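What's in work10.pdb: PDB, C-alpha atoms
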```pdb
MODEL        1
ATOM      1  CA  MET W   1     119.351 115.930 130.776
ATOM      2  CA  HIS W   2     116.890 118.697 129.949
ATOM      3  CA  LEU W   3     113.368 117.302 129.590
ATOM      4  CA  ILE W   4     110.603 119.364 127.996
ATOM      5  CA  GLU W   5     107.070 118.308 129.005
ATOM      6  CA  THR W   6     104.141 119.260 126.781
ATOM      7  CA  PRO W   7     100.460 118.381 127.364
ATOM      8  CA  VAL W   8      98.825 117.537 124.044
ATOM      9  CA  THR W   9      95.245 116.729 122.998
ATOM     10  CA  ALA W  10      93.849 115.128 119.850
ATOM     11  CA  TRP W  11      90.246 115.344 118.644
ATOM     12  CA  ILE W  12      89.095 112.833 116.032
ATOM     13  CA  PRO W  13      85.565 112.672 114.564
ATOM     14  CA  VAL W  14      84.489 109.026 114.232
ATOM     15  CA  ARG W  15      81.621 108.264 111.868
ATOM     16  CA  THR W  16      78.711 106.410 113.467
ATOM     17  CA  ALA W  17      76.794 103.596 111.782
ATOM     18  CA  LEU W  18      73.766 104.644 109.743
ATOM     19  CA  TRP W  19      71.879 101.349 109.972
ATOM     20  CA  ARG W  20      70.498  99.890 113.171
ATOM     21  CA  ASP W  21      71.870  96.418 112.506
ATOM     22  CA  ARG W  22      75.408  97.866 112.422
ATOM     23  CA  ILE W  23      75.292 100.200 115.417
ATOM     24  CA  GLU W  24      76.252  97.641 118.072
ATOM     25  CA  ALA W  25      79.277  96.307 116.173
ATOM     26  CA  SER W  26      80.400  99.862 115.407
ATOM     27  CA  GLU W  27      80.164 100.855 119.063
ATOM     28  CA  ILE W  28      82.102  97.742 120.144
ATOM     29  CA  ALA W  29      84.907  98.610 117.727
ATOM     30  CA  LEU W  30      85.080 102.194 118.980
ATOM     31  CA  ALA W  31      85.063 101.029 122.599
ATOM     32  CA  ASP W  32      87.926  98.611 121.911
ATOM     33  CA  LEU W  33      89.905 101.412 120.269
ATOM     34  CA  SER W  34      89.263 103.836 123.147
ATOM     35  CA  GLU W  35      90.184 101.295 125.823
ATOM     36  CA  ALA W  36      93.358 100.253 124.002
ATOM     37  CA  LEU W  37      94.747 103.743 123.323
ATOM     38  CA  PRO W  38      96.227 104.454 126.814
ATOM     39  CA  SER W  39      98.574 101.491 126.496
ATOM     40  CA  LEU W  40      99.100 101.533 122.720
ATOM     41  CA  VAL W  41      99.843 105.210 122.039
ATOM     42  CA  PRO W  42     103.197 104.926 123.900
ATOM     43  CA  VAL W  43     103.982 101.842 121.794
ATOM     44  CA  ALA W  44     103.337 103.744 118.571
ATOM     45  CA  GLN W  45     105.241 106.800 119.846
ATOM     46  CA  PRO W  46     107.475 106.258 122.919
ATOM     47  CA  GLY W  47     107.678 109.989 123.710
ATOM     48  CA  LEU W  48     104.030 109.968 124.825
ATOM     49  CA  ARG W  49     102.737 108.839 128.224
ATOM     50  CA  ASP W  50      99.840 109.327 130.671
ATOM     51  CA  VAL W  51      97.370 108.778 127.855
ATOM     52  CA  ASP W  52      93.638 109.121 128.410
ATOM     53  CA  ALA W  53      90.989 108.475 125.746
ATOM     54  CA  ALA W  54      87.245 109.084 125.864
ATOM     55  CA  ILE W  55      84.242 110.112 123.802
ATOM     56  CA  ALA W  56      83.705 113.781 124.621
ATOM     57  CA  GLU W  57      82.372 117.059 123.283
ATOM     58  CA  PRO W  58      85.108 119.356 121.937
ATOM     59  CA  PRO W  59      85.297 123.085 122.704
ATOM     60  CA  ALA W  60      83.201 125.233 120.371
ATOM     61  CA  LYS W  61      86.147 126.472 118.266
ATOM     62  CA  VAL W  62      87.539 122.971 117.869
ATOM     63  CA  ARG W  63      84.120 121.564 117.035
ATOM     64  CA  LYS W  64      83.618 124.198 114.343
ATOM     65  CA  ARG W  65      86.990 123.384 112.812
ATOM     66  CA  LEU W  66      86.329 119.638 112.836
ATOM     67  CA  LEU W  67      82.864 119.949 111.353
ATOM     68  CA  SER W  68      84.177 122.076 108.506
ATOM     69  CA  ASN W  69      85.910 118.929 107.225
ATOM     70  CA  ILE W  70      82.814 116.729 107.396
ATOM     71  CA  LEU W  71      80.419 116.229 104.507
ATOM     72  CA  VAL W  72      77.789 114.501 106.673
ATOM     73  CA  ASP W  73      75.431 115.611 109.405
ATOM     74  CA  ALA W  74      77.320 116.387 112.626
ATOM     75  CA  ARG W  75      74.880 114.119 114.448
ATOM     76  CA  LEU W  76      76.438 111.165 112.630
ATOM     77  CA  VAL W  77      79.851 111.488 114.286
ATOM     78  CA  LYS W  78      81.244 110.996 117.754
ATOM     79  CA  PHE W  79      84.309 112.882 118.919
ATOM     80  CA  LEU W  80      87.202 110.827 120.261
ATOM     81  CA  ARG W  81      89.428 112.842 122.594
ATOM     82  CA  ILE W  82      92.959 111.676 123.357
ATOM     83  CA  LYS W  83      95.019 113.465 126.018
ATOM     84  CA  ALA W  84      98.697 112.716 126.575
ATOM     85  CA  GLN W  85     101.911 114.072 128.023
ATOM     86  CA  HIS W  86     104.791 114.439 125.575
ATOM     87  CA  THR W  87     108.390 114.288 126.807
ATOM     88  CA  LEU W  88     111.331 115.457 124.736
ATOM     89  CA  ASP W  89     114.995 115.420 125.753
ATOM     90  CA  ARG W  90     116.314 118.832 124.662
ATOM     91  CA  ASP W  91     119.945 117.705 124.828
ATOM     92  CA  VAL W  92     119.321 114.731 122.533
ATOM     93  CA  PHE W  93     117.262 116.922 120.197
ATOM     94  CA  ASP W  94     120.112 119.449 119.917
ATOM     95  CA  GLU W  95     122.609 116.644 119.214
ATOM     96  CA  GLN W  96     120.382 115.390 116.384
ATOM     97  CA  ASN W  97     120.176 118.901 114.923
ATOM     98  CA  PRO W  98     123.725 120.316 115.273
ATOM     99  CA  GLY W  99     124.331 123.963 114.482
ATOM    100  CA  ARG W 100     120.639 124.904 114.506
ATOM    101  CA  GLU W 101     118.799 127.034 117.028
ATOM    102  CA  PHE W 102     115.143 126.534 117.872
ATOM    103  CA  ASN W 103     112.644 128.534 119.867
ATOM    104  CA  ASP W 104     110.274 126.813 122.261
ATOM    105  CA  ASP W 105     107.448 126.751 119.704
ATOM    106  CA  ILE W 106     109.132 123.920 117.820
ATOM    107  CA  PHE W 107     108.811 121.568 120.790
ATOM    108  CA  SER W 108     105.087 122.191 121.012
ATOM    109  CA  SER W 109     104.789 121.388 117.299
ATOM    110  CA  VAL W 110     106.819 118.195 117.723
ATOM    111  CA  ALA W 111     104.497 117.082 120.532
ATOM    112  CA  ALA W 112     101.432 117.601 118.329
ATOM    113  CA  MET W 113     103.082 115.870 115.377
ATOM    114  CA  HIS W 114     104.000 112.801 117.446
ATOM    115  CA  LEU W 115     100.488 112.278 118.812
ATOM    116  CA  GLY W 116      99.054 112.771 115.325
ATOM    117  CA  GLU W 117     101.401 110.155 113.869
ATOM    118  CA  ALA W 118     100.606 107.717 116.677
ATOM    119  CA  MET W 119      96.874 108.061 116.079
ATOM    120  CA  GLU W 120      97.212 107.594 112.319
ATOM    121  CA  THR W 121      99.157 104.390 112.945
ATOM    122  CA  LEU W 122      96.640 102.974 115.418
ATOM    123  CA  LEU W 123      93.642 103.913 113.282
ATOM    124  CA  MET W 124      95.291 102.163 110.346
ATOM    125  CA  PHE W 125      95.683  98.942 112.334
ATOM    126  CA  SER W 126      92.066  99.147 113.484
ATOM    127  CA  GLU W 127      91.264  97.909 109.958
ATOM    128  CA  LEU W 128      93.013  94.661 110.892
ATOM    129  CA  SER W 129      91.362  94.382 114.308
ATOM    130  CA  HIS W 130      87.849  95.524 113.339
ATOM    131  CA  PRO W 131      87.666  95.383 109.523
ATOM    132  CA  GLY W 132      85.211  97.834 108.019
ATOM    133  CA  ARG W 133      83.990  99.267 111.306
ATOM    134  CA  ILE W 134      86.019 102.395 112.108
ATOM    135  CA  SER W 135      85.926 105.366 109.763
ATOM    136  CA  THR W 136      87.054 108.861 110.703
ATOM    137  CA  THR W 137      87.211 112.295 109.163
ATOM    138  CA  GLN W 138      90.185 114.608 109.526
ATOM    139  CA  GLY W 139      91.123 115.217 113.131
ATOM    140  CA  VAL W 140      93.263 117.792 114.876
ATOM    141  CA  VAL W 141      96.002 117.773 117.535
ATOM    142  CA  LEU W 142      96.529 120.843 119.721
ATOM    143  CA  THR W 143      98.743 122.048 122.530
ATOM    144  CA  SER W 144      98.245 125.018 124.836
ATOM    145  CA  GLN W 145     101.507 126.484 123.511
ATOM    146  CA  GLY W 146     100.159 126.677 119.966
ATOM    147  CA  GLY W 147     101.206 123.327 118.527
ATOM    148  CA  ASN W 148      98.800 122.357 115.795
ATOM    149  CA  THR W 149      98.628 119.494 113.312
ATOM    150  CA  SER W 150      96.005 117.378 111.583
ATOM    151  CA  VAL W 151      95.231 113.666 111.789
ATOM    152  CA  GLN W 152      94.583 112.116 108.401
ATOM    153  CA  ALA W 153      91.073 110.812 107.807
ATOM    154  CA  LYS W 154      90.815 107.021 107.863
ATOM    155  CA  SER W 155      88.339 105.273 105.574
ATOM    156  CA  CYS W 156      87.228 101.697 106.109
ATOM    157  CA  PHE W 157      86.298  98.803 103.839
ATOM    158  CA  SER W 158      82.707  98.538 105.044
ATOM    159  CA  GLN W 159      81.906  95.652 102.689
ATOM    160  CA  LEU W 160      84.313  93.452 104.634
ATOM    161  CA  TRP W 161      82.023  93.780 107.616
ATOM    162  CA  HIS W 162      78.639  93.979 105.923
ATOM    163  CA  PRO W 163      78.807  92.490 102.405
ATOM    164  CA  GLU W 164      76.274  93.746  99.921
ATOM    165  CA  LYS W 165      74.422  91.458  97.523
ATOM    166  CA  ASN W 166      76.842  89.241  95.562
ATOM    167  CA  ASP W 167      79.868  90.543  97.485
ATOM    168  CA  PRO W 168      82.334  87.804  98.487
ATOM    169  CA  THR W 169      81.957  86.292 101.947
ATOM    170  CA  TRP W 170      85.043  84.087 101.638
ATOM    171  CA  PRO W 171      87.430  83.926 103.350
ATOM    172  CA  ALA W 172      86.066  84.294 106.857
ATOM    173  CA  ILE W 173      87.305  87.343 108.726
ATOM    174  CA  SER W 174      86.904  88.100 112.410
ATOM    175  CA  THR W 175      87.380  90.880 114.946
ATOM    176  CA  LEU W 176      90.528  90.952 117.058
ATOM    177  CA  PRO W 177      91.527  93.066 120.059
ATOM    178  CA  LEU W 178      93.661  95.968 118.870
ATOM    179  CA  GLN W 179      96.082  95.067 121.670
ATOM    180  CA  ASN W 180      96.697  91.682 120.014
ATOM    181  CA  VAL W 181      97.225  93.250 116.611
ATOM    182  CA  LEU W 182      99.807  95.733 117.931
ATOM    183  CA  SER W 183     101.548  92.993 119.908
ATOM    184  CA  TRP W 184     101.957  91.053 116.662
ATOM    185  CA  VAL W 185     103.008  94.138 114.698
ATOM    186  CA  ASN W 186     105.647  94.802 117.355
ATOM    187  CA  GLY W 187     107.228  91.489 116.365
ATOM    188  CA  THR W 188     107.789  92.808 112.837
ATOM    189  CA  SER W 189     110.127  95.580 111.694
ATOM    190  CA  PHE W 190     107.255  98.072 111.307
ATOM    191  CA  PHE W 191     108.321 100.309 114.198
ATOM    192  CA  THR W 192     112.066 100.109 113.503
ATOM    193  CA  ASN W 193     112.666  99.953 109.742
ATOM    194  CA  ALA W 194     111.557 101.946 106.725
ATOM    195  CA  LEU W 195     111.704  98.962 104.356
ATOM    196  CA  ALA W 196     110.035  95.574 104.798
ATOM    197  CA  VAL W 197     112.244  92.608 103.886
ATOM    198  CA  SER W 198     110.755  89.299 105.039
ATOM    199  CA  ARG W 199     107.748  87.678 103.341
ATOM    200  CA  ILE W 200     105.236  88.553 106.061
ATOM    201  CA  GLU W 201     106.638  92.038 106.580
ATOM    202  CA  ARG W 202     106.325  92.803 102.867
ATOM    203  CA  SER W 203     102.738  91.590 102.965
ATOM    204  CA  LEU W 204     102.078  93.857 105.957
ATOM    205  CA  ALA W 205     103.761  96.822 104.243
ATOM    206  CA  ALA W 206     101.490  96.500 101.201
ATOM    207  CA  PHE W 207      98.473  96.195 103.522
ATOM    208  CA  THR W 208      99.374  99.493 105.244
ATOM    209  CA  GLN W 209      99.522 101.165 101.840
ATOM    210  CA  MET W 210      96.139  99.657 100.949
ATOM    211  CA  VAL W 211      94.460 101.009 104.075
ATOM    212  CA  HIS W 212      95.768 104.530 103.513
ATOM    213  CA  LEU W 213      94.400 104.482  99.978
ATOM    214  CA  GLY W 214      90.929 103.714 101.296
ATOM    215  CA  PRO W 215      88.185 101.820  99.462
ATOM    216  CA  TYR W 216      87.429 104.470  96.837
ATOM    217  CA  LYS W 217      90.576 104.218  94.715
ATOM    218  CA  GLU W 218      89.647 100.796  93.410
ATOM    219  CA  GLY W 219      92.486 100.227  90.969
ATOM    220  CA  GLU W 220      95.231 101.254  93.361
ATOM    221  CA  THR W 221      93.543  99.301  96.160
ATOM    222  CA  LEU W 222      93.474  96.156  94.016
ATOM    223  CA  PHE W 223      97.156  96.601  93.206
ATOM    224  CA  ARG W 224      98.195  96.985  96.853
ATOM    225  CA  ALA W 225      95.964  94.134  98.053
ATOM    226  CA  MET W 226      97.367  91.816  95.408
ATOM    227  CA  GLN W 227     100.879  92.980  96.238
ATOM    228  CA  SER W 228     100.223  91.962  99.847
ATOM    229  CA  LEU W 229      98.921  88.568  98.738
ATOM    230  CA  GLU W 230     101.741  87.869  96.280
ATOM    231  CA  ALA W 231     104.346  88.833  98.895
ATOM    232  CA  PHE W 232     102.785  86.344 101.316
ATOM    233  CA  TYR W 233     101.920  83.431  99.048
ATOM    234  CA  CYS W 234     104.081  83.589  95.915
ATOM    235  CA  ASP W 235     107.679  82.833  95.093
ATOM    236  CA  GLY W 236     109.349  84.304  92.024
ATOM    237  CA  THR W 237     109.306  81.086  90.026
ATOM    238  CA  GLY W 238     106.484  78.895  88.826
ATOM    239  CA  ASP W 239     102.854  79.619  88.075
ATOM    240  CA  LEU W 240     102.024  82.586  90.333
ATOM    241  CA  ARG W 241      98.311  82.201  89.654
ATOM    242  CA  LYS W 242      98.364  78.593  90.857
ATOM    243  CA  GLN W 243     100.612  79.412  93.815
ATOM    244  CA  LEU W 244      98.235  82.059  95.045
ATOM    245  CA  ALA W 245      95.172  79.826  94.686
ATOM    246  CA  ASP W 246      96.719  76.686  96.209
ATOM    247  CA  LYS W 247      98.443  78.354  99.138
ATOM    248  CA  ALA W 248      95.500  80.619  99.992
ATOM    249  CA  ALA W 249      93.302  77.522 100.198
ATOM    250  CA  LEU W 250      95.771  76.012 102.675
ATOM    251  CA  TRP W 251      96.089  79.151 104.797
ATOM    252  CA  VAL W 252      92.532  80.537 104.973
ATOM    253  CA  GLY W 253      90.451  77.592 103.698
ATOM    254  CA  LEU W 254      88.743  76.539 100.486
ATOM    255  CA  TRP W 255      86.094  78.622  98.749
ATOM    256  CA  LYS W 256      82.673  77.177  97.935
ATOM    257  CA  GLU W 257      82.371  78.436  94.365
ATOM    258  CA  PRO W 258      83.117  75.829  91.681
ATOM    259  CA  LYS W 259      85.423  78.147  89.723
ATOM    260  CA  ASN W 260      88.914  79.199  90.767
ATOM    261  CA  ILE W 261      87.975  82.612  92.139
ATOM    262  CA  VAL W 262      91.496  83.328  93.417
ATOM    263  CA  GLY W 263      92.937  82.556  89.999
ATOM    264  CA  HIS W 264      90.325  84.842  88.438
ATOM    265  CA  LEU W 265      91.374  87.529  90.911
ATOM    266  CA  TYR W 266      94.984  87.217  89.752
ATOM    267  CA  ASP W 267      93.845  87.563  86.131
ATOM    268  CA  MET W 268      91.920  90.747  86.986
ATOM    269  CA  ARG W 269      94.981  92.189  88.695
ATOM    270  CA  SER W 270      97.195  91.392  85.703
ATOM    271  CA  LYS W 271      94.798  93.051  83.258
ATOM    272  CA  PHE W 272      94.667  96.180  85.386
ATOM    273  CA  VAL W 273      98.428  96.453  85.975
ATOM    274  CA  HIS W 274      99.350  95.770  82.350
ATOM    275  CA  GLY W 275      96.648  97.994  80.863
ATOM    276  CA  GLY W 276      94.488  95.243  79.413
ATOM    277  CA  ALA W 277      91.363  96.166  81.401
ATOM    278  CA  LYS W 278      89.100  99.159  80.900
ATOM    279  CA  LEU W 279      90.636 102.082  82.809
ATOM    280  CA  GLN W 280      88.786 105.023  84.275
ATOM    281  CA  TYR W 281      89.884 108.536  83.368
ATOM    282  CA  TRP W 282      90.959 110.896  86.122
ATOM    283  CA  SER W 283      88.154 113.295  85.189
ATOM    284  CA  ASP W 284      84.721 112.544  86.661
ATOM    285  CA  HIS W 285      82.699 114.123  83.861
ATOM    286  CA  ALA W 286      80.981 110.770  83.190
ATOM    287  CA  ASP W 287      79.728 107.843  85.299
ATOM    288  CA  PRO W 288      81.580 104.574  84.560
ATOM    289  CA  TRP W 289      78.703 102.578  86.042
ATOM    290  CA  GLU W 290      76.355 103.987  83.428
ATOM    291  CA  GLU W 291      78.802 103.132  80.653
ATOM    292  CA  ASP W 292      79.523  99.527  81.698
ATOM    293  CA  GLU W 293      77.811  98.342  84.859
ATOM    294  CA  LYS W 294      78.842  94.709  84.302
ATOM    295  CA  HIS W 295      82.548  95.579  84.139
ATOM    296  CA  MET W 296      82.405  97.916  87.147
ATOM    297  CA  ARG W 297      80.543  95.332  89.209
ATOM    298  CA  SER W 298      83.073  92.630  88.314
ATOM    299  CA  PHE W 299      85.964  94.960  89.065
ATOM    300  CA  GLY W 300      84.471  96.057  92.390
ATOM    301  CA  HIS W 301      83.906  92.418  93.287
ATOM    302  CA  ALA W 302      87.599  91.713  92.633
ATOM    303  CA  VAL W 303      88.719  94.662  94.756
ATOM    304  CA  THR W 304      86.569  93.544  97.696
ATOM    305  CA  LEU W 305      87.762  89.948  97.405
ATOM    306  CA  ALA W 306      91.420  90.988  97.263
ATOM    307  CA  ALA W 307      91.061  93.249 100.301
ATOM    308  CA  ARG W 308      89.161  90.547 102.177
ATOM    309  CA  LEU W 309      91.778  87.907 101.399
ATOM    310  CA  ALA W 310      94.609  90.247 102.450
ATOM    311  CA  VAL W 311      92.899  90.974 105.789
ATOM    312  CA  ALA W 312      92.108  87.303 106.470
ATOM    313  CA  THR W 313      95.677  86.297 105.627
ATOM    314  CA  LEU W 314      97.220  88.708 108.114
ATOM    315  CA  GLN W 315      94.550  88.070 110.731
ATOM    316  CA  ARG W 316      95.605  84.433 110.878
ATOM    317  CA  CYS W 317      99.197  85.581 111.402
ATOM    318  CA  VAL W 318      97.996  87.664 114.372
ATOM    319  CA  ILE W 319      95.873  84.867 115.831
ATOM    320  CA  ASP W 320      98.599  82.219 115.490
ATOM    321  CA  GLU W 321     101.415  84.691 116.326
ATOM    322  CA  VAL W 322     103.203  83.883 113.075
ATOM    323  CA  HIS W 323     106.052  86.150 111.936
ATOM    324  CA  HIS W 324     107.846  83.851 109.498
ATOM    325  CA  ILE W 325     106.460  81.391 106.977
ATOM    326  CA  GLU W 326     108.016  79.143 104.337
ATOM    327  CA  TRP W 327     106.147  77.390 101.567
ATOM    328  CA  SER W 328     107.229  74.076 100.080
ATOM    329  CA  TYR W 329     105.735  71.372  97.891
ATOM    330  CA  ALA W 330     106.261  67.750  98.825
ATOM    331  CA  VAL W 331     105.361  64.519  97.031
ATOM    332  CA  LYS W 332     105.136  61.219  98.860
ATOM    333  CA  THR W 333     104.811  57.950  96.950
ATOM    334  CA  SER W 334     104.637  54.327  97.965
TER     335      SER W 334
ENDMDL
END
```

Once more with this new file: its structure as structure tokens, please.
Amino acid sequence: MHLIETPVTAWIPVRTALWRDRIEASEIALADLSEALPSLVPVAQPGLRDVDAAIAEPPAKVRKRLLSNILVDARLVKFLRIKAQHTLDRDVFDEQNPGREFNDDIFSSVAAMHLGEAMETLLMFSELSHPGRISTTQGVVLTSQGGNTSVQAKSCFSQLWHPEKNDPTWPAISTLPLQNVLSWVNGTSFFTNALAVSRIERSLAAFTQMVHLGPYKEGETLFRAMQSLEAFYCDGTGDLRKQLADKAALWVGLWKEPKNIVGHLYDMRSKFVHGGAKLQYWSDHADPWEEDEKHMRSFGHAVTLAARLAVATLQRCVIDEVHHIEWSYAVKTS
């Protein structure tokens, strides 16, 4: 066995809250993430160990590189530093790549790539543990041997945490320790399979796609959120609109509004997917809000509600440690 050890460091700029009433919750979320990383990074990427995470000031060259990717004042970010030791078995690596020769630089690059992938995974699941609270800009992973890769920026659905006027507040969502979320995820096929098969795993897969889209691609976000919900609540036969409304009420509780808001959400999704709704052009030469504020507000409301319902649905799975669910209708008469 020929083990190659590579020290590796990631730097990730984390956006800080702009409003005083959000600062404490934002700091709690970041603290939970930092404290969880030493034990969770090896779960996300087994080749990493001896992980240390802290808020720190990066070296001048690294800071300059990170700030070049930020469109906000540098004073509005904190820098999360993650140090780790990467171990690679050279013999196994050569067996997996027969007939190819590599210089030592490749192993440094692999170390950087693995820490970057681990951080992208854990940041993604922070949206399930602390919805709307952790947002980052593009980070970087470096090794002393020249390994170099980026960490994808992670947006957050801030309206889940701090709804604006007329935004949905149903269903209730909470904050969960990231440790608990990853423990639940570990009970799915996320870390072992490329394709999700079971009902809950398919719902989780669509959720991961939704988070990577971020909150600013509203149409695609609505599609992925609804895909997550339909995977969880709907079977292929029967009235899908009614299934979604009835089962969501059972799983996350009833809504207070007199109208069937979940059914309305399904209608909005159908219009978007099948081209019946107003669709925004790719070009940004005009402002859709100026053209039809009522439509854009209704559409944005639907996107937020769908994302909120998807998060609440999976959060209950985490809390109750549920990995399999079956729906059935029963009638009892006397």

(request) Quick one: apply the PyMOL selection byres ((chain W and resi 151) around 8) to the file and drop the selected residues here as a ChimeraX atom specification. (result) /W:12,116-117,119-120,138-141,149-150,152-153

Taking the file as I've supplied it (selection: the PyMOL selection byres ((chain W and resi 161) around 7)), which residues are included? Please answer as a short mmCIF file (atom, residue, chain, number, x, y, z; two decimals) with C-alpha atoms, keeping the file's coordinate frame.
```cif
data_model
loop_
_atom_site.label_atom_id
_atom_site.label_comp_id
_atom_site.auth_asym_id
_atom_site.auth_seq_id
_atom_site.Cartn_x
_atom_site.Cartn_y
_atom_site.Cartn_z
CA PRO W 131 87.67 95.38 109.52
CA GLY W 132 85.21 97.83 108.02
CA ARG W 133 83.99 99.27 111.31
CA SER W 158 82.71 98.54 105.04
CA GLN W 159 81.91 95.65 102.69
CA LEU W 160 84.31 93.45 104.63
CA HIS W 162 78.64 93.98 105.92
CA PRO W 163 78.81 92.49 102.40
#
```

(request) Let me know the residues the PyMOL selection byres ((chain W and resi 35) around 10) catches in the file above, as a ChimeraX atom specification. (result) /W:30-34,36-40,52-54,178-179

(request) Kindly provide, as a ChimeraX atom specification, the polymer residues lying within 10 Å of (91.7, 87.0, 117.5), counting all atoms listed in the file and using the coordinates exactly as they appear in the file. (result) /W:129,173-178,180-181,315-320

(request) Within 12 Å of Leu222 in chain W, counting all atoms listed in the file, which residues show up once you throw out same-chain ones fewer than 4 positions away? Write them as an NGL selection string, please. (result) :W and (206-207 or 209-211 or 213-218 or 226-230 or 265-273 or 299-310)

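Summary of the local environment: counting all atoms listed in the file, residues at most 8 Å from His324 in chain W, other than itself and those fewer than 3 positions away along its chain, are Ser198, Arg199 and Ile200 of chain W.
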
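Closest to Val185 in chain W among W:Leu142, W:Val252, W:Val311, W:Ala44 is W:Ala44, based on all atoms listed in the file.
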
Taking all atoms of range 152-155 of chain W that appear in the file, build a box with edges along x, y and z, extend it by 3 Å on every side, and state its centre and edge lengths in Å to one decimal, as lines of an AutoDock Vina configuration file.
```
center_x = 91.5
center_y = 108.7
center_z = 107.0
size_x = 12.2
size_y = 12.8
size_z = 8.8
```

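Coordinates place CA of Pro42 in chain W at a distance of 8.2 Å from CA of Ala118 in chain W.
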
Could range 96-108 of chain W be completed with N, CA, C and O atoms and returned as a PDB file, in the coordinates of the input?
```
ATOM      1  N   GLN W  96     120.888 115.877 117.667  1.00  0.00           N
ATOM      2  CA  GLN W  96     120.382 115.390 116.384  1.00  0.00           C
ATOM      3  C   GLN W  96     120.254 116.513 115.355  1.00  0.00           C
ATOM      4  O   GLN W  96     120.096 116.238 114.160  1.00  0.00           O
ATOM      5  N   ASN W  97     120.314 117.749 115.808  1.00  0.00           N
ATOM      6  CA  ASN W  97     120.176 118.901 114.923  1.00  0.00           C
ATOM      7  C   ASN W  97     121.331 119.885 115.185  1.00  0.00           C
ATOM      8  O   ASN W  97     121.099 121.026 115.631  1.00  0.00           O
ATOM      9  N   PRO W  98     122.571 119.472 114.939  1.00  0.00           N
ATOM     10  CA  PRO W  98     123.725 120.316 115.273  1.00  0.00           C
ATOM     11  C   PRO W  98     123.749 121.607 114.460  1.00  0.00           C
ATOM     12  O   PRO W  98     123.375 121.650 113.293  1.00  0.00           O
ATOM     13  N   GLY W  99     124.173 122.693 115.163  1.00  0.00           N
ATOM     14  CA  GLY W  99     124.331 123.963 114.482  1.00  0.00           C
ATOM     15  C   GLY W  99     123.045 124.717 114.235  1.00  0.00           C
ATOM     16  O   GLY W  99     123.053 125.761 113.572  1.00  0.00           O
ATOM     17  N   ARG W 100     121.925 124.230 114.733  1.00  0.00           N
ATOM     18  CA  ARG W 100     120.639 124.904 114.506  1.00  0.00           C
ATOM     19  C   ARG W 100     120.067 125.367 115.840  1.00  0.00           C
ATOM     20  O   ARG W 100     120.209 124.695 116.866  1.00  0.00           O
ATOM     21  N   GLU W 101     119.431 126.498 115.832  1.00  0.00           N
ATOM     22  CA  GLU W 101     118.799 127.034 117.028  1.00  0.00           C
ATOM     23  C   GLU W 101     117.284 127.017 116.857  1.00  0.00           C
ATOM     24  O   GLU W 101     116.765 127.325 115.788  1.00  0.00           O
ATOM     25  N   PHE W 102     116.606 126.638 117.930  1.00  0.00           N
ATOM     26  CA  PHE W 102     115.143 126.534 117.872  1.00  0.00           C
ATOM     27  C   PHE W 102     114.542 127.326 119.019  1.00  0.00           C
ATOM     28  O   PHE W 102     115.089 127.367 120.132  1.00  0.00           O
ATOM     29  N   ASN W 103     113.382 127.934 118.755  1.00  0.00           N
ATOM     30  CA  ASN W 103     112.644 128.534 119.867  1.00  0.00           C
ATOM     31  C   ASN W 103     111.708 127.471 120.448  1.00  0.00           C
ATOM     32  O   ASN W 103     111.552 126.375 119.905  1.00  0.00           O
ATOM     33  N   ASP W 104     111.083 127.809 121.549  1.00  0.00           N
ATOM     34  CA  ASP W 104     110.274 126.813 122.261  1.00  0.00           C
ATOM     35  C   ASP W 104     109.054 126.351 121.475  1.00  0.00           C
ATOM     36  O   ASP W 104     108.495 125.292 121.755  1.00  0.00           O
ATOM     37  N   ASP W 105     108.626 127.130 120.481  1.00  0.00           N
ATOM     38  CA  ASP W 105     107.448 126.751 119.704  1.00  0.00           C
ATOM     39  C   ASP W 105     107.642 125.425 118.970  1.00  0.00           C
ATOM     40  O   ASP W 105     106.688 124.676 118.758  1.00  0.00           O
ATOM     41  N   ILE W 106     108.876 125.139 118.577  1.00  0.00           N
ATOM     42  CA  ILE W 106     109.132 123.920 117.820  1.00  0.00           C
ATOM     43  C   ILE W 106     108.807 122.680 118.634  1.00  0.00           C
ATOM     44  O   ILE W 106     108.330 121.673 118.112  1.00  0.00           O
ATOM     45  N   PHE W 107     109.039 122.743 119.960  1.00  0.00           N
ATOM     46  CA  PHE W 107     108.811 121.568 120.790  1.00  0.00           C
ATOM     47  C   PHE W 107     107.316 121.290 120.975  1.00  0.00           C
ATOM     48  O   PHE W 107     106.890 120.147 121.080  1.00  0.00           O
ATOM     49  N   SER W 108     106.540 122.347 120.977  1.00  0.00           N
ATOM     50  CA  SER W 108     105.087 122.191 121.012  1.00  0.00           C
ATOM     51  C   SER W 108     104.596 121.548 119.717  1.00  0.00           C
ATOM     52  O   SER W 108     103.725 120.660 119.728  1.00  0.00           O
TER      53      SER W 108
END
```
